[in-house]
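Next up, upload09.txt (compact mmCIF, C-alpha atoms):
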```txt
# COMPACT_ATOMS: atom_id res chain seq x y z
CA MET A 1 43.38 1.00 -45.99
CA LEU A 2 41.76 -2.20 -47.19
CA LEU A 3 40.13 -4.77 -44.93
CA GLN A 4 42.01 -7.88 -43.83
CA PHE A 5 41.14 -11.11 -42.06
CA THR A 6 42.74 -11.71 -38.65
CA ASP A 7 45.42 -13.86 -40.30
CA GLN A 8 46.42 -10.81 -42.41
CA THR A 9 45.02 -12.24 -45.68
CA GLN A 10 43.08 -9.78 -47.81
CA PHE A 11 39.33 -9.51 -47.45
CA ALA A 12 38.95 -6.75 -50.01
CA SER A 13 40.98 -5.89 -53.08
CA GLY A 14 39.46 -2.43 -53.49
CA ALA A 15 37.24 0.19 -51.90
CA ALA A 16 34.96 2.86 -53.32
CA SER A 17 33.28 5.93 -51.90
CA PHE A 18 29.52 5.75 -51.85
CA TYR A 19 26.85 8.27 -51.10
CA ASN A 20 23.28 8.45 -49.94
CA PRO A 21 21.02 10.65 -52.00
CA PRO A 22 21.38 14.06 -50.35
CA GLY A 23 18.56 16.12 -48.91
CA SER A 24 16.72 13.13 -47.55
CA ASP A 25 16.28 12.64 -43.84
CA ASP A 26 14.02 9.68 -44.52
CA LEU A 27 16.12 6.66 -43.45
CA SER A 28 13.96 4.33 -45.52
CA LYS A 29 15.40 6.07 -48.58
CA ALA A 30 19.03 5.65 -47.55
CA ARG A 31 20.93 4.05 -50.39
CA ILE A 32 24.47 2.93 -51.12
CA THR A 33 25.23 4.45 -54.50
CA VAL A 34 28.61 3.53 -56.03
CA ALA A 35 30.45 4.39 -59.23
CA VAL A 36 30.62 1.54 -61.74
CA GLU A 37 31.43 0.98 -65.38
CA ILE A 38 28.73 -0.90 -67.27
CA GLY A 39 29.39 -1.95 -70.85
CA GLY A 40 32.11 0.71 -71.17
CA LEU A 41 30.12 3.63 -69.73
CA ILE A 42 30.88 5.07 -66.29
CA THR A 43 27.76 5.55 -64.23
CA THR A 44 26.33 4.89 -60.76
CA ALA A 45 24.36 1.98 -59.36
CA ILE A 46 22.60 1.36 -56.08
CA VAL A 47 23.64 -1.65 -53.98
CA ASP A 48 20.52 -3.66 -53.18
CA THR A 49 21.12 -7.10 -51.70
CA GLY A 50 17.37 -7.79 -51.72
CA GLN A 51 17.35 -7.58 -55.50
CA LEU A 52 18.02 -10.34 -58.04
CA TYR A 53 20.70 -9.72 -60.71
CA MET A 54 21.91 -6.32 -61.74
CA VAL A 55 19.01 -4.17 -62.92
CA LEU A 56 19.98 -1.83 -65.72
CA SER A 57 18.36 1.53 -66.12
CA PRO A 58 16.38 1.27 -69.41
CA GLU A 59 17.94 4.54 -70.64
CA LEU A 60 21.42 3.19 -69.97
CA ALA A 61 20.54 -0.04 -71.80
CA ASP A 62 19.72 2.11 -74.85
CA VAL A 63 23.19 3.61 -75.09
CA ILE A 64 25.51 0.73 -74.23
CA PRO A 65 26.20 -2.29 -76.44
CA LEU A 66 24.38 -5.25 -74.92
CA GLY A 67 24.96 -7.84 -77.61
CA ARG A 68 22.07 -10.04 -78.59
CA VAL A 69 19.02 -10.41 -76.45
CA GLU A 70 19.19 -13.65 -74.52
CA ASP A 71 15.76 -15.17 -74.76
CA VAL A 72 14.66 -17.20 -71.78
CA GLY A 73 11.09 -16.20 -72.35
CA PRO A 74 9.22 -13.46 -70.54
CA THR A 75 11.04 -12.74 -67.31
CA GLU A 76 9.50 -10.78 -64.51
CA LEU A 77 11.29 -9.25 -61.58
CA PRO A 78 9.99 -7.41 -58.54
CA ILE A 79 11.75 -4.03 -58.44
CA GLU A 80 11.00 -1.82 -55.48
CA GLY A 81 7.72 -3.63 -54.87
CA GLU A 82 6.55 -3.53 -58.48
CA LEU A 83 6.54 -6.56 -60.84
CA VAL A 84 8.44 -5.56 -64.00
CA SER A 85 8.87 -7.58 -67.20
CA GLY A 86 12.12 -7.54 -69.16
CA ARG A 87 15.03 -9.42 -70.68
CA LEU A 88 18.29 -10.87 -69.36
CA HIS A 89 21.79 -10.15 -70.64
CA ARG A 90 25.33 -11.02 -69.67
CA VAL A 91 27.21 -7.71 -69.22
CA ASP A 92 30.61 -6.46 -68.10
CA LEU A 93 30.65 -4.50 -64.86
CA THR A 94 33.63 -2.83 -63.18
CA LEU A 95 33.73 -1.64 -59.59
CA PHE A 96 36.07 1.34 -59.34
CA ASN A 97 38.68 1.41 -56.64
CA ALA A 98 39.39 4.67 -54.82
CA ASP A 99 41.88 3.31 -52.30
CA ALA A 100 45.62 3.97 -52.67
CA ASP A 101 46.39 0.25 -52.29
CA GLY A 102 43.45 -1.22 -54.13
CA ASP A 103 42.51 -2.41 -57.60
CA ASP A 104 39.46 -2.11 -59.84
CA LEU A 105 37.33 -5.25 -59.97
CA PRO A 106 35.94 -6.28 -63.38
CA LEU A 107 33.04 -8.74 -63.29
CA GLU A 108 30.74 -10.47 -65.70
CA VAL A 109 27.23 -10.39 -64.29
CA LEU A 110 23.65 -11.16 -65.22
CA ALA A 111 21.69 -7.99 -65.96
CA PHE A 112 17.95 -7.49 -66.21
CA VAL A 113 16.73 -4.80 -68.61
CA PRO A 114 13.11 -3.76 -68.03
CA ASP A 115 10.88 -3.57 -71.12
CA SER A 116 9.27 -0.38 -69.90
CA LYS A 117 11.13 2.86 -70.60
CA GLU A 118 10.06 4.35 -67.29
CA PRO A 119 13.14 6.06 -65.77
CA ARG A 120 14.64 4.09 -62.93
CA PRO A 121 18.18 3.81 -61.51
CA SER A 122 20.49 0.83 -61.94
CA PHE A 123 20.79 -1.65 -59.06
CA LEU A 124 23.46 -4.13 -58.07
CA GLY A 125 21.55 -7.15 -56.76
CA LEU A 126 22.89 -10.16 -54.95
CA THR A 127 22.05 -13.19 -57.12
CA SER A 128 24.28 -13.49 -60.19
CA CYS A 129 25.90 -10.14 -59.44
CA LEU A 130 27.31 -9.34 -55.99
CA ASP A 131 27.33 -13.03 -54.99
CA ALA A 132 30.53 -13.40 -57.02
CA ILE A 133 32.52 -11.23 -54.60
CA ARG A 134 33.07 -10.38 -50.93
CA PHE A 135 31.84 -6.97 -49.91
CA ALA A 136 31.44 -4.87 -46.80
CA VAL A 137 30.08 -1.43 -45.99
CA ASP A 138 31.47 1.16 -43.61
CA ALA A 139 28.57 3.57 -43.21
CA ASN A 140 30.56 6.03 -41.09
CA SER A 141 33.25 6.69 -43.65
CA GLU A 142 30.90 5.92 -46.58
CA ARG A 143 33.22 3.25 -47.98
CA PHE A 144 32.15 0.19 -49.94
CA TYR A 145 34.80 -2.55 -49.79
CA PHE A 146 34.92 -5.30 -52.40
CA GLY A 147 37.17 -8.17 -53.43
CA MET L 1 23.68 -79.83 -87.63
CA PRO L 2 25.45 -76.74 -86.24
CA ASN L 3 29.18 -77.03 -85.90
CA PRO L 4 30.14 -76.36 -82.27
CA GLN L 5 33.64 -75.43 -83.37
CA LYS L 6 32.29 -72.27 -85.03
CA ILE L 7 30.80 -70.92 -81.83
CA GLU L 8 33.88 -69.02 -80.75
CA CYS L 9 31.99 -65.99 -79.56
CA ASN L 10 28.40 -64.81 -79.66
CA GLU L 11 29.14 -61.84 -81.90
CA HIS L 12 30.94 -63.64 -84.72
CA LEU L 13 28.88 -66.78 -85.36
CA ASP L 14 29.62 -66.71 -89.06
CA GLN L 15 33.40 -66.68 -88.69
CA PRO L 16 35.46 -69.86 -88.96
CA ALA L 17 37.07 -71.10 -85.77
CA GLY L 18 40.30 -69.30 -84.96
CA ARG L 19 39.46 -66.11 -86.88
CA CYS L 20 37.78 -64.38 -83.97
CA ARG L 21 40.27 -63.47 -81.27
CA ARG L 22 37.79 -63.29 -78.47
CA ARG L 23 37.80 -66.16 -76.04
CA PRO L 24 34.86 -68.56 -76.31
CA LEU L 25 32.14 -67.63 -73.85
CA VAL L 26 31.21 -71.26 -73.24
CA ASP L 27 33.09 -74.39 -74.06
CA VAL L 28 30.60 -76.17 -76.29
CA SER L 29 32.89 -78.86 -77.64
CA TYR L 30 31.53 -81.55 -75.32
CA LEU L 31 27.84 -80.87 -76.16
CA THR L 32 25.83 -83.21 -78.33
CA SER L 33 24.01 -81.59 -81.22
CA ARG L 34 20.69 -81.92 -79.33
CA ASP L 35 22.09 -80.22 -76.21
CA PHE L 36 23.60 -77.53 -78.35
CA ALA L 37 20.28 -76.82 -80.12
CA LEU L 38 18.53 -76.72 -76.75
CA ARG L 39 21.10 -74.30 -75.39
CA VAL L 40 20.74 -71.98 -78.40
CA PHE L 41 16.95 -72.12 -78.04
CA MET L 42 17.16 -71.24 -74.31
CA GLN L 43 19.51 -68.39 -74.99
CA ALA L 44 17.18 -67.02 -77.67
CA LYS L 45 14.25 -67.18 -75.21
CA GLN L 46 16.32 -65.41 -72.56
CA TYR L 47 17.31 -62.74 -75.10
CA GLN L 48 13.66 -62.18 -76.03
CA ALA L 49 12.66 -61.92 -72.36
CA ASP L 50 15.47 -59.43 -71.63
CA ARG L 51 14.58 -57.38 -74.66
CA ARG L 52 10.93 -57.24 -73.65
CA LYS L 53 11.92 -56.21 -70.12
CA SER L 54 14.13 -53.40 -71.40
CA GLN L 55 11.37 -52.22 -73.77
CA LEU L 56 8.91 -52.17 -70.89
CA TRP L 57 11.43 -50.28 -68.76
CA LEU L 58 12.02 -47.72 -71.51
CA ALA L 59 8.29 -47.20 -71.95
CA TYR L 60 7.86 -46.87 -68.19
CA SER L 61 10.75 -44.35 -67.95
CA ALA L 62 9.39 -42.29 -70.84
CA LYS L 63 5.94 -42.24 -69.23
CA ARG L 64 7.43 -41.27 -65.87
CA LYS L 65 9.49 -38.51 -67.51
CA GLN L 66 6.41 -37.11 -69.26
CA VAL L 67 4.44 -37.15 -66.02
CA ALA L 68 7.29 -35.42 -64.16
CA LEU L 69 7.63 -32.75 -66.87
CA ALA L 70 3.88 -32.23 -66.93
CA SER L 71 3.83 -31.76 -63.16
CA LEU L 72 6.66 -29.21 -63.44
CA GLU L 73 4.69 -27.26 -66.03
CA GLU L 74 1.54 -27.50 -63.96
CA ALA L 75 3.44 -26.09 -60.96
CA ALA L 76 4.74 -23.26 -63.15
CA ARG L 77 1.23 -22.53 -64.49
CA SER L 78 -0.18 -22.32 -60.99
CA ARG L 79 2.93 -20.38 -59.88
CA ASP L 80 3.52 -22.91 -57.12
CA SER L 81 7.25 -22.43 -56.60
CA GLN L 82 7.48 -25.02 -53.79
CA GLU L 83 5.89 -27.71 -55.96
CA PHE L 84 8.15 -26.68 -58.84
CA LEU L 85 11.28 -27.05 -56.70
CA VAL L 86 10.14 -30.48 -55.49
CA GLY L 87 9.66 -31.48 -59.14
CA VAL L 88 13.14 -30.20 -60.05
CA ARG L 89 14.69 -32.24 -57.24
CA GLN L 90 12.82 -35.43 -58.15
CA MET L 91 13.36 -35.25 -61.90
CA ASN L 92 15.82 -37.69 -63.46
CA TRP L 93 17.47 -35.05 -65.69
CA GLU L 94 19.69 -37.59 -67.42
CA GLN L 95 16.72 -38.81 -69.46
CA VAL L 96 15.33 -35.40 -70.39
CA GLU L 97 15.56 -34.22 -74.00
CA ALA L 98 17.06 -30.86 -74.97
CA LYS L 99 13.72 -29.27 -75.92
CA ASP L 100 12.26 -30.24 -72.55
CA PHE L 101 15.24 -28.63 -70.80
CA SER L 102 14.42 -25.37 -72.59
CA ARG L 103 10.80 -25.59 -71.47
CA ALA L 104 11.78 -26.30 -67.88
CA ILE L 105 14.27 -23.40 -67.80
CA LYS L 106 11.69 -20.99 -69.22
CA SER L 107 9.11 -22.21 -66.71
CA ALA L 108 11.53 -21.62 -63.83
CA MET L 109 12.29 -18.10 -65.05
CA ARG L 110 8.59 -17.37 -65.58
CA ILE L 111 7.81 -18.03 -61.93
CA GLY L 112 10.85 -16.16 -60.65
CA LEU L 113 13.16 -19.06 -59.73
CA PRO L 114 16.46 -18.08 -61.35
CA LEU L 115 18.52 -20.41 -59.18
CA ALA L 116 16.36 -23.38 -60.17
CA ALA L 117 16.73 -22.27 -63.81
CA ARG L 118 20.51 -22.14 -63.32
CA HIS L 119 20.43 -25.63 -61.78
CA ILE L 120 18.41 -27.05 -64.69
CA SER L 121 20.56 -25.34 -67.32
CA SER L 122 23.74 -26.73 -65.78
CA PHE L 123 22.25 -30.25 -66.00
CA GLY L 124 21.22 -29.46 -69.57
CA ALA L 125 24.76 -28.42 -70.49
CA GLN L 126 26.04 -31.61 -68.90
CA TYR L 127 23.71 -33.97 -70.76
CA HIS L 128 23.39 -32.00 -74.03
CA PRO L 129 26.78 -30.29 -74.35
CA HIS L 130 26.42 -29.74 -78.10
CA ASN L 131 22.99 -28.13 -78.02
CA PRO L 132 23.55 -24.38 -78.71
CA GLU L 133 20.32 -23.25 -77.03
CA ILE L 134 21.08 -25.13 -73.81
CA ARG L 135 24.68 -23.89 -73.90
CA ASP L 136 23.44 -20.28 -74.18
CA TYR L 137 21.07 -20.74 -71.24
CA ALA L 138 23.83 -22.25 -69.10
CA ARG L 139 26.18 -19.38 -69.94
CA LEU L 140 23.54 -16.72 -69.38
CA LEU L 141 22.40 -18.08 -66.04
CA ALA L 142 25.84 -19.02 -64.70
CA PRO L 143 26.92 -17.30 -61.49
CA ALA L 144 28.59 -13.91 -61.86
CA SER L 145 32.35 -14.13 -62.07
CA ALA L 146 35.38 -11.91 -61.53
CA LYS L 147 37.15 -11.51 -64.87
CA VAL L 148 40.56 -10.30 -63.74
CA ILE L 149 42.09 -10.19 -60.31
CA ASN L 150 44.32 -7.25 -59.36
CA ARG L 151 43.56 -4.90 -62.25
CA PRO L 152 45.17 -1.55 -61.42
CA ALA L 153 42.75 1.26 -60.63
CA THR L 154 41.98 3.12 -63.84
CA SER L 155 39.79 5.98 -62.77
CA ASP L 156 39.12 7.47 -59.35
CA GLN L 157 35.46 8.42 -59.30
CA SER L 158 35.54 9.86 -55.77
CA PRO L 159 35.49 13.51 -56.98
CA ASN L 160 32.34 12.80 -59.01
CA ILE L 161 30.72 11.07 -56.03
CA ALA L 162 31.67 14.09 -53.91
CA TRP L 163 30.04 16.41 -56.48
CA LEU L 164 26.84 14.32 -56.34
CA LYS L 165 26.79 14.59 -52.54
CA ILE L 166 26.86 18.37 -52.73
CA HIS L 167 24.91 19.17 -55.92
CA GLY L 168 22.87 16.04 -56.64
CA ALA L 169 19.63 17.39 -55.23
CA GLU L 170 19.86 20.54 -57.41
CA TYR L 171 19.76 18.39 -60.56
CA LYS L 172 17.27 15.78 -59.34
CA GLY L 173 15.41 14.16 -62.25
CA LEU L 174 18.18 14.93 -64.75
CA TRP L 175 21.10 12.92 -66.11
CA VAL L 176 24.41 14.66 -65.44
CA ALA L 177 27.84 14.24 -67.04
CA LEU L 178 30.73 14.63 -64.58
CA LYS L 179 34.50 14.52 -64.92
CA ASP L 180 37.05 15.01 -62.12
CA GLY L 181 34.35 16.49 -59.92
CA ARG L 182 33.17 19.03 -62.54
CA LEU L 183 29.79 19.19 -64.26
CA LEU L 184 30.09 18.87 -68.05
CA GLY L 185 26.37 18.91 -68.83
CA ALA L 186 22.87 17.92 -67.79
CA ASP L 187 19.86 16.68 -69.74
CA HIS L 188 16.53 14.95 -69.26
CA ALA L 189 17.57 12.19 -71.69
CA LEU L 190 20.78 10.21 -71.32
CA LYS L 191 21.03 9.59 -75.06
CA SER L 192 21.17 13.27 -75.97
CA LEU L 193 23.58 13.99 -73.10
CA VAL L 194 25.95 11.26 -74.34
CA GLU L 195 25.76 12.71 -77.87
CA LYS L 196 26.69 16.17 -76.55
CA ILE L 197 29.93 14.94 -74.93
CA ALA L 198 32.51 14.25 -77.63
CA ASP L 199 35.30 12.87 -75.42
CA ARG L 200 33.71 10.40 -72.98
CA THR L 201 36.98 9.14 -71.48
CA GLY L 202 36.62 9.14 -67.69
CA VAL L 203 33.22 10.85 -67.88
CA MET L 204 30.50 9.63 -65.52
CA PHE L 205 26.90 9.71 -66.79
CA THR L 206 24.50 9.34 -63.90
CA PRO L 207 21.02 10.26 -62.85
CA ALA L 208 21.16 12.90 -60.12
CA TYR L 209 19.27 11.74 -57.06
```
Mind converting the file's structure to C-alpha cells?
Amino acid sequence: MLLQFTDQTQFASGAASFYNPPGSDDLSKARITVAVEIGGLITTAIVDTGQLYMVLSPELADVIPLGRVEDVGPTELPIEGELVSGRLHRVDLTLFNADADGDDLPLEVLAFVPDSKEPRPSFLGLTSCLDAIRFAVDANSERFYFG
Amino acid sequence: MPNPQKIECNEHLDQPAGRCRRRPLVDVSYLTSRDFALRVFMQAKQYQADRRKSQLWLAYSAKRKQVALASLEEAARSRDSQEFLVGVRQMNWEQVEAKDFSRAIKSAMRIGLPLAARHISSFGAQYHPHNPEIRDYARLLAPASAKVINRPATSDQSPNIAWLKIHGAEYKGLWVALKDGRLLGADHALKSLVEKIADRTGVMFTPAY
C-alpha cells in the first residue's frame, strides 16, 4: 500500500524494495540500494542524500548512450570522502515500482561521470536528482517510497 | 531665420508642417526668432550634458561590472565559496555579457557550488536567450524533473533484489546479470557481461555488493 497524507491525497506514486549489502553487520555500511533504469539499462543505485547529483558508475557510463559531453569545465565532486574529477550529463532515470497500486517514475536528472575508471557503484544524490520528487524509507519492510 | 512652423516634433525637423502626425512638443508659434534660437541652443546644451552623463554612467557601470566579475573569479581562485556567493548576490546580471556568464558558471562549478551555477545560468538564459552555450548550461544545470506522471509499472525488479539479498555476497566484486530472480551470468567487466547477454529485455546488470 502506498503512503498518503492525512487528507487522503497521495504522498507516493510508487514503492520499490531495497536492500542493504548482505553479510555486513557494520551499521556504517548500511545502504539503501534500489533498482533503477539508467539510459535504458536496468541496474542498481545507492540512495545517498548527502551526495550531489546522480553519480554514475564509470563502467555503466561506458555501456549506455550518454549523448554529448556537457562541458562546464573541470568538475570535482566529493564521493565517499574522496575528491573526484569528472563530467556532467543530463540522463534519463526510472525508479521501478513494485507495489500493486503504484507506477514507475521516469525522471530526467543531472549525472556526474567520474573520469577515473576505478570501479564504484552508482549513487542517487539529492541535488538535481532526488530533489525532484518526494521520497520516504521504511527500514523495517525495506521499502523505498517515491512520487 | 528658422521657420517655427516647421518645428512640429523634434524627430522630424526637416518635414513640412502638417506632414508629421505627432503633436508638437512645444508651441513655438509665439516665439520671436531670437527666443527660438536661444531655445534651440539651450536644448542642444542640455542634450550634450545628458549625453555626457549617460556616457559617464555607462563607463562607471562597465568598470563596476569588471570589478565585480574580477572579484568573483578571485573568490573562485582562492576557493572562497562564501565570498563567491556574496559576489553572485551583488552582481547586476542584467549587464553581464554572455562570455562572462560562461566564465562565472564554470567558476561556480570549479569550486563545487552547483546551485550557484544553476542560479547564474538561469539569469544567463533570461538575458541571453539566443546564446546556445548559455542555453546548454541552463538546461544541463536545471533541477531534475519528472518526465511522466502515472506511467504503469513495466518491470518488477523485486525478485532480482531478493536474489541480491541472498547471493550478493557470494559474487562480491563481480557484475551480475539477473532476470526474474535468476542469475544469467557474472563477469569482472560490465561491458563483456552485456555483450554475452543477447536479449537484455528486463535484465538487471548490477555490481554484487
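Going from atom CA of Ala15 of chain A to atom CA of Val34 of chain A covers 10.1 Å.
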Using all atoms listed in the file, find which residues of chain A lie within 8 Å of chain L and jot them down as a ChimeraX atom specification. /A:13,16-23,34-35,41-44,59-60,62-63,70,72-77,88-90,96-98,102-110,121,127-133
Report, in Å with one decimal, the straight-line distance from atom CA of His130 of chain L to atom CA of Phe101 of chain L.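 So the answer is 13.4 Å.
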Once you add 6 Å to each side, what are the centre and edge lengths of the axis-aligned box holding all listed atoms of segment 68-80 of chain L? One decimal in Å, as AutoDock Vina command-line options, if you can.
```
--center_x 3.7 --center_y -27.9 --center_z -62.0 --size_x 19.8 --size_y 27.0 --size_z 21.8
```
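Here atom CA of Ser121 of chain L stands at a distance of 21.4 Å from atom CA of Asp92 of chain A.
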Around the point (12.3, -31.2, -56.7), in the coordinates given by the file, pick out the residues reaching within 12 Å, counting all atoms listed in the file, and return them as a compact mmCIF listing (two decimals) with C-alpha atoms, keeping the file's coordinate frame.
```
# COMPACT_ATOMS: atom_id res chain seq x y z
CA ALA L 68 7.29 -35.42 -64.16
CA LEU L 69 7.63 -32.75 -66.87
CA SER L 71 3.83 -31.76 -63.16
CA LEU L 72 6.66 -29.21 -63.44
CA ALA L 75 3.44 -26.09 -60.96
CA SER L 81 7.25 -22.43 -56.60
CA GLN L 82 7.48 -25.02 -53.79
CA GLU L 83 5.89 -27.71 -55.96
CA PHE L 84 8.15 -26.68 -58.84
CA LEU L 85 11.28 -27.05 -56.70
CA VAL L 86 10.14 -30.48 -55.49
CA GLY L 87 9.66 -31.48 -59.14
CA VAL L 88 13.14 -30.20 -60.05
CA ARG L 89 14.69 -32.24 -57.24
CA GLN L 90 12.82 -35.43 -58.15
CA MET L 91 13.36 -35.25 -61.90
CA ASN L 92 15.82 -37.69 -63.46
CA TRP L 93 17.47 -35.05 -65.69
CA ALA L 108 11.53 -21.62 -63.83
CA ALA L 116 16.36 -23.38 -60.17
CA HIS L 119 20.43 -25.63 -61.78
CA ILE L 120 18.41 -27.05 -64.69
```
Contacts of Ala45 of chain A at 10 Å (only C-alpha atoms; same-chain gap of 4+ positions) as a PDB file with C-alpha atoms, keeping the file's coordinate frame:
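Once everything was written out, this is around-v1.pdb:
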```pdb
ATOM      1  CA  PHE A  18      29.520   5.750 -51.850  1.00  0.00           C
ATOM      2  CA  ARG A  31      20.930   4.050 -50.390  1.00  0.00           C
ATOM      3  CA  ILE A  32      24.470   2.930 -51.120  1.00  0.00           C
ATOM      4  CA  THR A  33      25.230   4.450 -54.500  1.00  0.00           C
ATOM      5  CA  VAL A  34      28.610   3.530 -56.030  1.00  0.00           C
ATOM      6  CA  ALA A  35      30.450   4.390 -59.230  1.00  0.00           C
ATOM      7  CA  VAL A  36      30.620   1.540 -61.740  1.00  0.00           C
ATOM      8  CA  GLU A  37      31.430   0.980 -65.380  1.00  0.00           C
ATOM      9  CA  ILE A  38      28.730  -0.900 -67.270  1.00  0.00           C
ATOM     10  CA  MET A  54      21.910  -6.320 -61.740  1.00  0.00           C
ATOM     11  CA  VAL A  55      19.010  -4.170 -62.920  1.00  0.00           C
ATOM     12  CA  LEU A  56      19.980  -1.830 -65.720  1.00  0.00           C
ATOM     13  CA  SER A  57      18.360   1.530 -66.120  1.00  0.00           C
ATOM     14  CA  PRO A 121      18.180   3.810 -61.510  1.00  0.00           C
ATOM     15  CA  SER A 122      20.490   0.830 -61.940  1.00  0.00           C
ATOM     16  CA  PHE A 123      20.790  -1.650 -59.060  1.00  0.00           C
ATOM     17  CA  LEU A 124      23.460  -4.130 -58.070  1.00  0.00           C
ATOM     18  CA  GLY A 125      21.550  -7.150 -56.760  1.00  0.00           C
TER      19      GLY A 125
ATOM     20  CA  THR L 206      24.500   9.340 -63.900  1.00  0.00           C
ATOM     21  CA  PRO L 207      21.020  10.260 -62.850  1.00  0.00           C
TER      22      PRO L 207
END
```
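The shortest atom-to-atom distance to Asp80 of chain L, with only C-alpha atoms taken into account, belongs to L:Leu113 out of L:Leu113, L:Ala138, L:His188, L:Leu58.
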Across A:Ala111, A:Leu126, A:Ala100, A:Ala12, the smallest distance to Gln51 of chain A, with all atoms listed in the file counted, is shown by A:Leu126
Restricting the calculation to all atoms listed in the file: of A:Ala136, A:Leu93, A:Ala61, A:Leu66, which residue gets closest to Thr49 of chain A?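 Of all the options, A:Ala136 lies closest to Thr49 of chain A.
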Contacts of Asp101 of chain A at 8 Å (only C-alpha atoms; same-chain gap of 5+ positions) as a list of chain:residue names: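 Surrounding residues, per the criterion: A:Met1, A:Leu2, A:Gly14.
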